[in-house]
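Worksheet: one structure, shown below.
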Amino acid sequence: MIAYTALLDKAIVNPEGLSTNDVMALLTPPSLAATRRLWQTAHLLRLDATGKCIHLRAIIEFSNYCRQDCLYCGLRQGNRRVARYRMTPDAIVEAAIKAHKAHQFGTYVLQSGEDPGYDLEDLEWVVQEIKLATNAAVTLSIGERSYGVYQALQEAGADRFLLKFETSDGNLFRKLKPTTTLEQRLGCLDTLRGLGYQTGSGIILGLPGQDLESVASDLLLCRDADYEMVSIGPFIPHPDTPLGSVSLASNVCSTLTTIAVARLLVPNAHMPATTALGVIGQNDKWWKSEAPKLQDARSLALMAGANVLMLDVTPAKYRASYSIYPGKASADGDVICDSIWQTKQDVSNLSMTICPGRGDSPKQPWGRGSTDVKREGHFH
Ligand code: SAH
């Protein structure tokens with residue numbers, strides 16, 4: 001425990017100085033007490049960097065067509081069992097406006113499979129209309145596109161972009177994402193960065209073939225890129241994919257620990273308590289003994305470094321078809337007002353509030369190396 005505490009201190013003072021071995025050690029606390037210490041440290045760092053309130057993002061999953069064939073994902077091109085849908089531009093804007101009437105979200109996230117089926121002008125129009133109608137920020141999560149597409153959508157008003165590199169292990173990436181390459185994906189992230197998007201990335205935790213060293217390297221990549229958003233979600237096997245019979249390798253505890261270490265390494269990042277974490281939390285009994293009053297594992301993540309919640313506001317009829325992993329559709333309520341009410345309740349049970357406003361990156365301006373973090377307050 002003494003050695004672990006010393007390592008935590010080192011991480012707080014000088015995350016740049018951490019080696020792969022240090023990060024591997026941070027990811028494996030020697031005891032429950034050390035685990036709790038890690039989570040608490042990450043929580044304090046989060047309070048310092050992004051404040052006590054929680055950012056609530058509304059996500060519209062507008063198309064489940066995908067030209068990629070990732071072995072883990074239920075939207076993969078090769079999955080013939082999923083009913084494909086593509087919302088019209090009008091319907092996407094309508095969904096955002098409807099959500100906005102229920103709650104003035106500061107950010108609308110537009111996510112889809114990598115769907116080549118929209119005209120660029122239509123996507124530009126969607127971004128413009130949502131921004132006009134809501135005055136909120138728009139985050140896109142539509143996969144790998146050309147420089148020209150990213151640029152046009154930014155000019156249309158898109159503020160942020162989410163593109164998880166999923167794993168930084170070249171061999172693993174090649175096996176799991178055969179229709180693209182790690183270089184291509186990281187290249188897209190660089191492009192987005194260069195254009196001035198607030199850029200988010202991250203990983204899937206517990207992929208078959210992923211080991212501790214691989215996760216440590218992933219987190220170091222997030223540190224070095226200094227992403228404005230870092231998302232860590234557990235891998236949930238989808239029965240209609242080649243990885244359908246793989247057993248679940250991550251649990252709530254390992255996910256929280258990875259989120260907490262990511263917070264140490266990228267203190268200013270916005271980090272979601274992912275829906276996938278909520279899903280595995282439904283069957284994971286252990287975390288409930290840690291936090292008997294909490295209903296949802298996502299709440300515990302908000303005490304371990306995460307500071308963002310995503311609320312699904314996709315029209316109910318499409319929810320079941322956006323099945324990147326099983327259990328997702330039922331994780332969020334069908335009725336927007338109910339889920340907002342429940343989310344507010346959960347957040348207030350943690351003695352936290354929902355942030356008003358867009359919830360931009362605390363780094364101003366966002367961009368590599370432009371941050372001037374004050375590492376003080378709770379730690380000195
Ligand atoms: N087409 C977009 C959005 C992908 S879906 C893109 O390429 O970025 C959003 C995220 O779902 C993915 O980035 C991936 O991290 C996650 N995901 C997909 N399948 C999953 C699974 N089986 N378990 C957990 N997360 C999964």
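Chain lettering (A, B, ...) mirrors the order of the structure tokens, residue numbering begins at 1 for each chain separately, and ligand numbering begins at 1 in order of display.
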Expected answer as a PyMOL selection string: residues within 6 Å of ligand 1, only C-alpha atoms and all ligand atoms: chain A and resi 72-73+111-114+141-143+163-164+166+203-204+233-238+324-325
Exercise: segment 187-199 of chain A partners within 10 Å, only C-alpha atoms, chain neighbours under 3 positions left out, as an MDAnalysis selection string: chainID A and resid 139:140 143:147 150:151 154:155 158:165 181:184 225:230 269 360:361 363 365:368
Residue list (strand (DSSP E), DSSP) for segment 89-254 of chain A, as a list in words: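 Result set for segment 89-254 of chain A (strand (DSSP E)): Thr107, Tyr108, Val109, Leu110, Gln111, Ser112, Ala137, Val138, Thr139, Leu140, Ser141, Arg160, Phe161, Leu162, Gln198, Thr199, Gly200, Ser201, Gly202, Ile203, Ile204, Leu205, Met229, Val230, Ser231, Ile232, Gly233 and Pro234 of chain A.
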For the selection just defined, write its residues with N, CA and C atoms to a file, as a short mmCIF file (atom, residue, chain, number, x, y, z; two decimals), in the first residue's frame.
data_model
loop_
_atom_site.label_atom_id
_atom_site.label_comp_id
_atom_site.auth_asym_id
_atom_site.auth_seq_id
_atom_site.Cartn_x
_atom_site.Cartn_y
_atom_site.Cartn_z
N THR A 107 -25.33 19.85 -24.92
CA THR A 107 -24.65 19.20 -26.03
C THR A 107 -25.54 18.12 -26.65
N TYR A 108 -25.60 18.11 -27.97
CA TYR A 108 -26.23 17.00 -28.69
C TYR A 108 -25.15 16.20 -29.39
N VAL A 109 -25.14 14.92 -29.10
CA VAL A 109 -24.16 14.03 -29.74
C VAL A 109 -24.88 13.27 -30.85
N LEU A 110 -24.36 13.39 -32.06
CA LEU A 110 -24.96 12.67 -33.20
C LEU A 110 -24.05 11.50 -33.52
N GLN A 111 -24.56 10.30 -33.26
CA GLN A 111 -23.73 9.11 -33.49
C GLN A 111 -24.38 8.18 -34.50
N SER A 112 -23.54 7.46 -35.24
CA SER A 112 -24.06 6.47 -36.19
C SER A 112 -22.97 5.44 -36.47
N ALA A 137 -23.95 22.83 -28.04
CA ALA A 137 -22.81 22.31 -28.79
C ALA A 137 -23.24 21.04 -29.53
N VAL A 138 -22.58 20.76 -30.64
CA VAL A 138 -22.85 19.52 -31.36
C VAL A 138 -21.56 18.69 -31.42
N THR A 139 -21.69 17.46 -30.99
CA THR A 139 -20.59 16.49 -31.08
C THR A 139 -20.96 15.47 -32.14
N LEU A 140 -20.03 15.19 -33.03
CA LEU A 140 -20.27 14.15 -34.03
C LEU A 140 -19.51 12.88 -33.66
N SER A 141 -20.10 11.74 -33.94
CA SER A 141 -19.42 10.46 -33.74
C SER A 141 -19.85 9.56 -34.88
N ARG A 160 -17.38 19.30 -31.65
CA ARG A 160 -16.56 18.22 -31.07
C ARG A 160 -16.72 16.96 -31.91
N PHE A 161 -15.78 16.03 -31.71
CA PHE A 161 -15.84 14.77 -32.44
C PHE A 161 -15.34 13.65 -31.55
N LEU A 162 -16.06 12.55 -31.59
CA LEU A 162 -15.73 11.39 -30.76
C LEU A 162 -15.35 10.24 -31.68
N GLN A 198 -12.84 19.88 -30.58
CA GLN A 198 -12.57 19.25 -29.29
C GLN A 198 -12.70 17.75 -29.56
N THR A 199 -11.62 17.06 -29.33
CA THR A 199 -11.53 15.69 -29.82
C THR A 199 -11.56 14.68 -28.68
N GLY A 200 -12.40 13.67 -28.87
CA GLY A 200 -12.51 12.62 -27.87
C GLY A 200 -12.10 11.29 -28.45
N SER A 201 -11.46 10.47 -27.61
CA SER A 201 -11.13 9.14 -28.06
C SER A 201 -11.27 8.19 -26.86
N GLY A 202 -10.69 7.01 -26.99
CA GLY A 202 -10.80 6.08 -25.86
C GLY A 202 -10.75 4.65 -26.32
N ILE A 203 -11.15 3.77 -25.43
CA ILE A 203 -10.93 2.34 -25.67
C ILE A 203 -12.13 1.50 -25.25
N ILE A 204 -12.08 0.26 -25.73
CA ILE A 204 -12.97 -0.77 -25.18
C ILE A 204 -12.10 -1.61 -24.25
N LEU A 205 -12.59 -1.84 -23.07
CA LEU A 205 -11.82 -2.56 -22.06
C LEU A 205 -12.27 -4.02 -22.00
N MET A 229 -11.65 14.58 -24.51
CA MET A 229 -12.62 13.62 -23.94
C MET A 229 -11.99 12.23 -24.02
N VAL A 230 -12.18 11.46 -22.97
CA VAL A 230 -11.65 10.09 -22.96
C VAL A 230 -12.76 9.15 -22.48
N SER A 231 -13.07 8.17 -23.32
CA SER A 231 -14.17 7.26 -22.99
C SER A 231 -13.65 5.83 -22.83
N ILE A 232 -14.00 5.23 -21.70
CA ILE A 232 -13.58 3.85 -21.44
C ILE A 232 -14.82 3.02 -21.12
N GLY A 233 -15.12 2.10 -22.01
CA GLY A 233 -16.31 1.27 -21.80
C GLY A 233 -15.91 -0.20 -21.83
N PRO A 234 -16.58 -1.02 -21.01
CA PRO A 234 -16.27 -2.45 -21.02
C PRO A 234 -16.80 -3.13 -22.26
#
Counting only C-alpha atoms, the option among A:Cys53, A:Gly305, A:Tyr65, A:Lys328 closest to Ser351 of chain A: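 Smallest separation from Ser351 of chain A among the options: A:Cys53.
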Distance criterion (only C-alpha atoms): nearest to Leu219 of chain A out of A:Ser299, A:Asn64, A:Thr167, A:Gln77: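 Looking only at the distances to Leu219 of chain A, the closest residue turns out to be A:Thr167.
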Selected residue of minimal separation from Val215 of chain A among A:Leu132, A:Gln345, A:Val279, A:Ala25, counting only C-alpha atoms: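 Smallest separation from Val215 of chain A among the options: A:Ala25.
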Residue nearest Met24 of chain A - candidates A:Leu212, A:Ala91, A:Leu71, A:Ala297, atoms counted: only C-alpha atoms: A:Leu212
Between atom CA of Leu277 of chain A and atom CA of Ser245 of chain A - distance in Å to one decimal: 19.4 Å
Which of A:Leu186, A:Leu7, A:Ile59, A:Val23 sits closest to Leu220 of chain A [using only C-alpha atoms]: A:Val23
Contact residues around segment 11-19 of chain A with only C-alpha atoms at 8 Å, ignoring same-chain residues under 3 positions, as a ChimeraX atom specification: /A:7-8,22-23,223,264-265,375
Atom CA of Arg84 of chain A to atom CA of Gln68 of chain A, straight-line distance in Å: 14.2 Å
DSSP-assigned alpha helix (DSSP H) among segment 220-367 of chain A, expressed as a PyMOL selection string: chain A and resi 220-225+252-265+275-281+286-290+297-301+316-319+328-331+336-349
Near-Leu38 of chain A list (9 Å; only C-alpha atoms; drop same-chain fewer than 3 positions) as a PyMOL selection string: chain A and resi 5+8+26+29+33-35+41-43+257+260-261+304
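With atom CA of His100 of chain A on one side and atom CA of Ala133 of chain A on the other, the separation reads 8.7 Å.
The environment of His103 of chain A within 12 Å, counting only C-alpha atoms and disregarding residues fewer than 2 places along the same chain, consists of A:Leu56, A:Arg57, A:Ala58, A:Ala96, A:Ile97, A:Lys98, A:Ala99, A:His100, A:Lys101, A:Phe105, A:Gly106, A:Thr107, A:Tyr108, A:Thr134, A:Ala136, A:Leu311, A:Val313, A:Ile336, A:Cys337, A:Asp338, A:Ser339, A:Ile340, A:Trp341, A:Thr343, A:Lys344, A:Ile354, A:Pro356, A:Gly357.
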For the selection just defined, write its residues with C-alpha atoms to a file, as a PDB file, in the first residue's frame.
ATOM      1  CA  LEU A  56     -25.378  15.700 -19.350  1.00  0.00           C
ATOM      2  CA  ARG A  57     -25.192  15.028 -23.088  1.00  0.00           C
ATOM      3  CA  ALA A  58     -28.109  13.954 -25.251  1.00  0.00           C
ATOM      4  CA  ALA A  96     -33.023  17.035 -31.009  1.00  0.00           C
ATOM      5  CA  ILE A  97     -35.772  19.647 -30.758  1.00  0.00           C
ATOM      6  CA  LYS A  98     -38.036  17.220 -28.921  1.00  0.00           C
ATOM      7  CA  ALA A  99     -35.264  16.424 -26.444  1.00  0.00           C
ATOM      8  CA  HIS A 100     -34.560  20.133 -26.047  1.00  0.00           C
ATOM      9  CA  LYS A 101     -38.149  20.764 -25.032  1.00  0.00           C
ATOM     10  CA  PHE A 105     -29.149  19.872 -23.002  1.00  0.00           C
ATOM     11  CA  GLY A 106     -25.872  21.722 -23.476  1.00  0.00           C
ATOM     12  CA  THR A 107     -24.653  19.196 -26.034  1.00  0.00           C
ATOM     13  CA  TYR A 108     -26.233  17.003 -28.688  1.00  0.00           C
ATOM     14  CA  THR A 134     -30.920  24.715 -29.439  1.00  0.00           C
ATOM     15  CA  ALA A 136     -26.124  23.853 -27.809  1.00  0.00           C
ATOM     16  CA  LEU A 311     -28.694  10.193 -22.237  1.00  0.00           C
ATOM     17  CA  VAL A 313     -32.823  10.524 -26.871  1.00  0.00           C
ATOM     18  CA  ILE A 336     -37.039  11.095 -22.377  1.00  0.00           C
ATOM     19  CA  CYS A 337     -38.692  12.922 -19.475  1.00  0.00           C
ATOM     20  CA  ASP A 338     -38.539   9.828 -17.263  1.00  0.00           C
ATOM     21  CA  SER A 339     -34.879   9.236 -17.926  1.00  0.00           C
ATOM     22  CA  ILE A 340     -34.026  12.888 -17.338  1.00  0.00           C
ATOM     23  CA  TRP A 341     -35.911  12.760 -14.062  1.00  0.00           C
ATOM     24  CA  THR A 343     -30.734  10.971 -14.045  1.00  0.00           C
ATOM     25  CA  LYS A 344     -31.322  14.136 -12.029  1.00  0.00           C
ATOM     26  CA  ILE A 354     -26.163  18.950 -13.655  1.00  0.00           C
ATOM     27  CA  PRO A 356     -25.832  24.357 -17.128  1.00  0.00           C
ATOM     28  CA  GLY A 357     -24.239  25.402 -20.426  1.00  0.00           C
TER      29      GLY A 357
END
